[in-house]
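Asker: Contents of entry.txt (compact mmCIF, C-alpha atoms) are below:
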# COMPACT_ATOMS: atom_id res chain seq x y z
CA MET R 15 -8.08 95.44 38.28
CA THR R 16 -6.12 98.65 38.40
CA SER R 17 -7.65 101.21 40.68
CA ASN R 18 -8.91 104.69 40.00
CA HIS R 19 -9.82 104.82 43.70
CA SER R 20 -7.25 106.60 45.81
CA ASP R 21 -7.07 104.49 48.98
CA CYS R 22 -8.02 101.07 50.38
CA HIS R 23 -11.27 101.34 52.32
CA TYR R 24 -9.81 99.28 55.19
CA CYS R 25 -6.07 99.95 55.53
CA LEU R 26 -6.19 103.36 53.83
CA GLN R 27 -3.09 102.64 51.79
CA SER R 28 -2.94 104.10 48.33
CA LEU R 29 -4.35 101.95 45.55
CA ARG R 30 -2.79 103.89 42.72
CA GLY R 31 -1.34 101.42 40.20
CA ARG R 32 -2.32 98.44 42.41
CA LYS R 33 -4.90 95.69 42.02
CA TYR R 34 -7.95 95.96 44.16
CA ALA R 35 -11.40 94.38 44.71
CA LEU R 36 -14.76 96.08 45.06
CA ARG R 37 -17.33 95.18 47.66
CA GLU R 38 -20.49 97.24 48.14
CA GLU R 39 -18.89 100.03 46.06
CA ASN R 40 -15.87 100.19 48.34
CA ALA R 41 -12.38 99.42 47.08
CA TYR R 42 -10.02 97.13 49.02
CA CYS R 43 -6.45 96.14 48.39
CA VAL R 44 -6.05 92.44 47.65
CA ARG R 45 -4.54 91.63 51.04
CA CYS R 46 -7.32 93.39 52.98
CA TYR R 47 -10.06 91.92 50.79
CA ASP R 48 -8.76 88.36 51.26
CA SER R 49 -8.40 88.73 55.01
CA LEU R 50 -11.84 90.29 55.41
CA PHE R 51 -14.06 88.58 52.86
CA ALA R 52 -12.42 85.54 51.25
CA ASN R 53 -14.31 82.26 51.74
CA SER R 54 -12.51 79.30 53.28
CA CYS R 55 -12.03 76.30 51.00
CA GLU R 56 -13.83 73.12 52.18
CA GLU R 57 -10.95 70.95 51.02
CA CYS R 58 -7.72 72.73 52.04
CA LYS R 59 -9.23 75.16 54.57
CA GLN R 60 -7.24 78.04 53.06
CA PRO R 61 -8.82 81.35 51.97
CA ILE R 62 -9.96 81.54 48.37
CA GLU R 63 -8.13 84.65 47.21
CA CYS R 64 -9.87 87.26 45.14
CA ASP R 65 -7.74 86.39 42.12
CA SER R 66 -8.75 82.69 42.36
CA LYS R 67 -11.96 81.13 41.09
CA ASP R 68 -14.43 80.44 43.92
CA LEU R 69 -16.63 77.39 43.23
CA ALA R 70 -19.71 77.25 45.46
CA TYR R 71 -22.25 74.48 46.14
CA LYS R 72 -25.01 74.69 48.73
CA GLY R 73 -23.31 77.44 50.71
CA ARG R 74 -19.88 75.80 50.69
CA HIS R 75 -16.83 76.97 48.74
CA TRP R 76 -13.81 75.38 47.04
CA HIS R 77 -10.71 76.44 45.14
CA GLU R 78 -10.95 75.29 41.54
CA ARG R 79 -8.06 72.89 42.14
CA CYS R 80 -9.75 71.49 45.26
CA PHE R 81 -13.16 70.86 43.69
CA LYS R 82 -12.77 67.11 43.11
CA CYS R 83 -14.34 63.70 43.79
CA THR R 84 -13.83 62.55 47.37
CA LYS R 85 -13.28 58.95 46.29
CA CYS R 86 -11.22 59.00 43.06
CA SER R 87 -9.95 62.63 43.26
CA CYS R 88 -10.87 63.44 39.66
CA SER R 89 -11.75 67.10 39.01
CA LEU R 90 -15.46 67.95 39.13
CA VAL R 91 -15.07 71.36 37.45
CA GLU R 92 -17.78 71.68 34.77
CA LYS R 93 -18.70 67.99 35.21
CA PRO R 94 -21.85 66.38 36.62
CA PHE R 95 -21.49 65.24 40.23
CA ALA R 96 -23.56 64.08 43.18
CA ALA R 97 -23.39 64.67 46.93
CA LYS R 98 -23.75 62.03 49.64
CA ASP R 99 -23.47 62.93 53.34
CA GLU R 100 -21.89 66.27 52.28
CA LEU R 101 -19.20 64.47 50.25
CA LEU R 102 -18.84 65.26 46.56
CA LEU R 103 -18.61 62.31 44.20
CA CYS R 104 -18.30 61.98 40.45
CA THR R 105 -21.25 60.20 38.86
CA GLU R 106 -19.28 56.99 38.34
CA CYS R 107 -18.18 56.71 41.96
CA TYR R 108 -21.62 57.67 43.22
CA SER R 109 -23.22 55.02 41.01
CA ASN R 110 -20.81 52.32 42.14
CA GLU R 111 -21.38 53.13 45.80
CA TYR R 112 -25.01 54.18 46.10
CA SER R 113 -27.07 53.91 42.92
CA SER R 114 -29.68 51.21 42.47
CA LYS R 115 -29.38 48.47 39.90
CA CYS R 116 -32.04 48.01 37.25
CA PHE R 117 -34.15 44.91 37.98
CA HIS R 118 -34.24 44.05 34.28
CA CYS R 119 -30.71 44.65 32.94
CA GLN R 120 -28.86 44.72 36.30
CA LYS R 121 -26.93 47.83 35.20
CA THR R 122 -26.56 50.92 37.38
CA ILE R 123 -29.26 53.58 37.18
CA MET R 124 -27.14 56.70 36.83
CA PRO R 125 -27.90 59.81 38.91
CA GLY R 126 -30.09 62.25 37.06
CA SER R 127 -31.68 59.59 34.85
CA ARG R 128 -35.35 58.75 35.28
CA LYS R 129 -35.97 55.77 37.52
CA MET R 130 -39.15 53.68 37.75
CA GLU R 131 -40.11 52.01 41.04
CA PHE R 132 -42.35 48.93 41.10
CA LYS R 133 -42.87 46.32 43.85
CA GLY R 134 -39.74 47.40 45.70
CA SER R 135 -37.45 47.19 42.64
CA SER R 136 -35.94 49.91 40.45
CA TRP R 137 -35.92 50.02 36.66
CA HIS R 138 -34.48 52.15 33.88
CA GLU R 139 -37.38 53.85 32.17
CA SER R 140 -36.30 52.18 28.91
CA CYS R 141 -36.28 48.74 30.59
CA PHE R 142 -39.70 49.07 32.21
CA VAL R 143 -41.69 47.78 29.23
CA CYS R 144 -44.44 45.28 28.46
CA GLN R 145 -42.95 41.82 28.01
CA TYR R 146 -45.18 41.14 24.98
CA CYS R 147 -45.37 44.37 22.94
CA GLN R 148 -42.16 45.96 24.37
CA GLN R 149 -43.87 49.34 24.72
CA PRO R 150 -42.93 51.52 27.75
CA LEU R 151 -45.26 50.96 30.68
CA GLY R 152 -44.55 54.24 32.49
CA THR R 153 -47.44 54.77 34.89
CA LYS R 154 -49.95 52.74 32.86
CA PRO R 155 -51.98 49.96 34.55
CA LEU R 156 -50.14 46.66 34.35
CA ILE R 157 -50.32 43.03 35.49
CA THR R 158 -47.38 40.87 36.57
CA LYS R 159 -47.21 37.17 35.66
CA ASP R 160 -44.21 34.91 36.34
CA ASN R 161 -42.11 38.00 37.25
CA GLU R 162 -42.83 39.60 33.87
CA ASN R 163 -44.87 42.79 33.42
CA TYR R 164 -47.61 43.19 30.82
CA CYS R 165 -49.78 46.10 29.78
CA MET R 166 -53.48 45.37 30.23
CA PRO R 167 -54.33 44.81 26.52
CA CYS R 168 -51.45 42.34 26.06
CA PHE R 169 -52.23 40.46 29.26
CA GLU R 170 -55.86 40.09 28.27
CA LYS R 171 -54.86 38.90 24.81
CA GLN R 172 -52.32 36.38 26.09
CA PHE R 173 -53.54 35.07 29.42
CA ALA R 174 -56.81 36.42 30.75
CA HIS R 175 -59.87 34.22 31.21
CA HIS R 176 -63.31 35.49 30.27
CA CYS R 177 -66.16 35.07 32.69
CA TYR R 178 -68.59 32.34 31.59
CA SER R 179 -71.49 34.54 32.69
CA CYS R 180 -70.71 38.13 31.58
CA LYS R 181 -67.94 37.28 29.03
CA LYS R 182 -65.70 40.05 30.42
CA VAL R 183 -62.05 39.56 31.35
CA ILE R 184 -61.23 38.22 34.82
CA THR R 185 -58.23 40.30 35.91
CA SER R 186 -57.88 38.87 39.43
CA GLY R 187 -59.44 36.24 41.64
CA GLY R 188 -62.44 34.47 40.16
CA VAL R 189 -63.88 30.99 40.71
CA ALA R 190 -64.13 27.84 38.61
CA TYR R 191 -67.36 25.88 38.21
CA HIS R 192 -67.81 23.01 35.75
CA ASP R 193 -64.34 23.83 34.38
CA GLN R 194 -65.50 27.34 33.48
CA PRO R 195 -64.09 30.62 34.95
CA TRP R 196 -66.44 33.08 36.64
CA HIS R 197 -66.10 36.45 38.32
CA LYS R 198 -66.82 36.05 42.02
CA GLU R 199 -69.64 38.56 41.67
CA CYS R 200 -71.09 36.65 38.70
CA PHE R 201 -71.13 33.24 40.40
CA VAL R 202 -74.59 33.47 41.95
CA CYS R 203 -77.45 31.19 42.93
CA ALA R 204 -79.70 30.36 40.00
CA GLY R 205 -82.67 30.99 42.27
CA CYS R 206 -82.15 34.04 44.51
CA LYS R 207 -79.00 35.43 42.79
CA ILE R 208 -77.01 35.60 46.03
CA GLN R 209 -73.22 35.34 45.52
CA LEU R 210 -71.99 31.80 46.14
CA SER R 211 -68.23 32.38 46.30
CA GLY R 212 -67.02 30.92 49.58
CA GLN R 213 -70.50 29.60 50.42
CA ARG R 214 -71.96 26.09 50.40
CA PHE R 215 -74.01 25.39 47.31
CA VAL R 216 -75.64 22.48 45.49
CA SER R 217 -75.52 21.75 41.76
CA LYS R 218 -78.73 20.85 39.96
CA ASP R 219 -79.01 20.43 36.17
CA GLU R 220 -75.61 22.19 35.82
CA TYR R 221 -76.86 25.26 37.72
CA PRO R 222 -75.59 26.23 41.20
CA TYR R 223 -78.10 26.86 43.99
CA CYS R 224 -77.62 28.09 47.51
CA VAL R 225 -78.70 25.58 50.15
CA ALA R 226 -81.89 27.52 50.89
CA CYS R 227 -83.04 27.60 47.25
CA PHE R 228 -82.11 23.99 46.60
CA SER R 229 -84.02 22.96 49.71
CA LYS R 230 -86.99 25.02 48.59
CA PHE R 231 -87.14 23.73 45.04
CA TYR R 232 -85.56 20.29 44.92
CA ALA R 233 -84.65 18.68 48.24
CA LYS R 234 -86.52 15.57 49.37
CA ARG R 235 -88.42 15.95 52.61
CA CYS R 236 -88.07 13.75 55.61
CA ALA R 237 -91.01 11.35 55.99
CA ALA R 238 -90.90 11.92 59.72
CA CYS R 239 -90.28 15.66 60.31
CA LYS R 240 -91.23 16.91 56.81
CA LYS R 241 -88.16 19.14 56.70
CA PRO R 242 -85.85 19.20 53.63
CA ILE R 243 -82.94 16.76 53.65
CA THR R 244 -80.12 19.04 52.43
CA ALA R 245 -77.04 17.01 53.32
CA GLY R 246 -77.91 13.86 51.42
CA TYR R 247 -80.38 11.24 52.65
CA LYS R 248 -80.74 7.49 53.40
CA LEU R 249 -83.34 5.06 52.22
CA PHE R 250 -84.94 3.09 55.03
CA ILE R 251 -87.01 -0.11 54.64
CA VAL R 252 -90.08 0.01 56.79
CA ASP R 253 -92.37 -3.03 56.38
CA THR R 254 -90.98 -3.54 52.84
CA TRP R 255 -91.67 0.14 51.93
CA PHE R 256 -88.80 2.46 50.96
CA ILE R 257 -88.88 5.88 52.60
CA SER R 258 -86.39 8.77 52.74
CA SER R 259 -85.64 10.25 56.09
CA HIS R 260 -83.07 11.87 58.32
CA ALA R 261 -81.29 9.15 60.26
CA THR R 262 -82.27 10.90 63.50
CA CYS R 263 -85.95 11.12 62.48
CA ILE R 264 -86.65 7.54 61.44
CA TYR R 265 -87.49 6.53 65.00
CA HIS R 266 -90.19 9.21 65.12
CA TYR R 267 -91.76 7.66 62.06
CA CYS R 268 -91.38 4.00 62.99
CA THR R 269 -89.57 2.33 65.88
CA PRO R 270 -87.69 -1.01 65.79
CA ARG R 271 -90.27 -2.52 68.16
CA THR R 272 -93.08 -2.20 65.66
CA CYS R 273 -91.22 -2.22 62.34
CA ASP R 274 -88.44 -4.02 60.56
CA VAL R 275 -86.04 -1.07 60.01
CA SER R 276 -82.82 -1.30 58.01
CA ILE R 277 -80.66 1.25 56.19
CA ILE R 278 -79.67 1.08 52.54
CA SER R 279 -76.54 3.16 52.12
Mind turning the file's structure into structure tokens?
Answerer:
Amino acid sequence: MTSNHSDCHYCLQSLRGRKYALREENAYCVRCYDSLFANSCEECKQPIECDSKDLAYKGRHWHERCFKCTKCSCSLVEKPFAAKDELLLCTECYSNEYSSKCFHCQKTIMPGSRKMEFKGSSWHESCFVCQYCQQPLGTKPLITKDNENYCMPCFEKQFAHHCYSCKKVITSGGVAYHDQPWHKECFVCAGCKIQLSGQRFVSKDEYPYCVACFSKFYAKRCAACKKPITAGYKLFIVDTWFISSHATCIYHYCTPRTCDVSIIS
């Protein structure tokens, strides 16, 4: 701009009819201003003169002609760009070098676009949908089956088993008994209601019983020790009479010296 100020604040030369730059209300000739205040360009290391456009990013400065992609050298002026390790890259170069690929379509997830993360993989938001109804999953609860994602209603409709006891959907785990699915917490002893999942149990009249309840209600008792026989039993012939007994207890009841003992398997 042409000066109405009389002299340069630094070199004191007249500014009449000359271009000058203002800084903190003081006028400087172009040469003094550039030497005192011009930023150094990150690319060419030369001062960015006051009559040049100064492009700044995170405290660093470039000439307009120097503000370009480090990899392909295309201009980044008024274009979207990304930074990696202090290097400026156009979106295409950044995507080719560093962006993740969508697990579904295998295309690059461009910088600035919304990315979904699930089980260590990345997805375009538009690709992260229910396999059945094709509606976006976003942050909704979901279930994965055979590497495909389903919203809860669709999974229940297509695949979920319903507990034989409470009739509600079994979303994970569960046990099978008489070819019927059960929640683990629903598969209980018909007598004391203790959970049987992972425990020994005995079936009686199509109902499961823990060993204690089966012994209490149904197990045969040893003729010798009178205790329940819970692990199966043998029939022994003693003087032509059939008795049930633990194999280790039969000699308490009758010994081979006094009785004709044999085992019927």
Asker: Please report the interatomic distance between CA of Pro167 (chain R) and CA of Val189 (chain R) in Å with one decimal.
Answerer: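 Separating CA of Pro167 (chain R) from CA of Val189 (chain R) is a distance of 22.0 Å.
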Asker: Would you mind telling me which residue in R:Glu220, R:His118, R:Cys88, R:Met130 lies nearest to Lys154 (chain R) when using only C-alpha atoms?
Answerer: R:Met130
Asker: Any idea what the distance is between CA of Thr84 (chain R) and CA of Glu56 (chain R)?
Answerer: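 One can read the CA of Thr84 (chain R) to CA of Glu56 (chain R) distance as 11.6 Å.
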Asker: Find the residues around Gln120 (chain R) up to 10 Å (all atoms listed in the file counted), leave out those fewer than 5 positions away in its own chain, and share them as a ChimeraX atom specification.
Answerer: /R:114-115,136-138
Asker: CA of Ser179 (chain R) and CA of Tyr223 (chain R) are how many Å apart?
Answerer: 15.2 Å
Asker: Ranking R:Tyr164, R:Val183, R:Tyr112, R:Lys171 by minimum distance to Tyr146 (chain R) and counting all atoms listed in the file, which one comes first?
Answerer: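 The shortest atom-to-atom distance to Tyr146 (chain R) comes from R:Tyr164.
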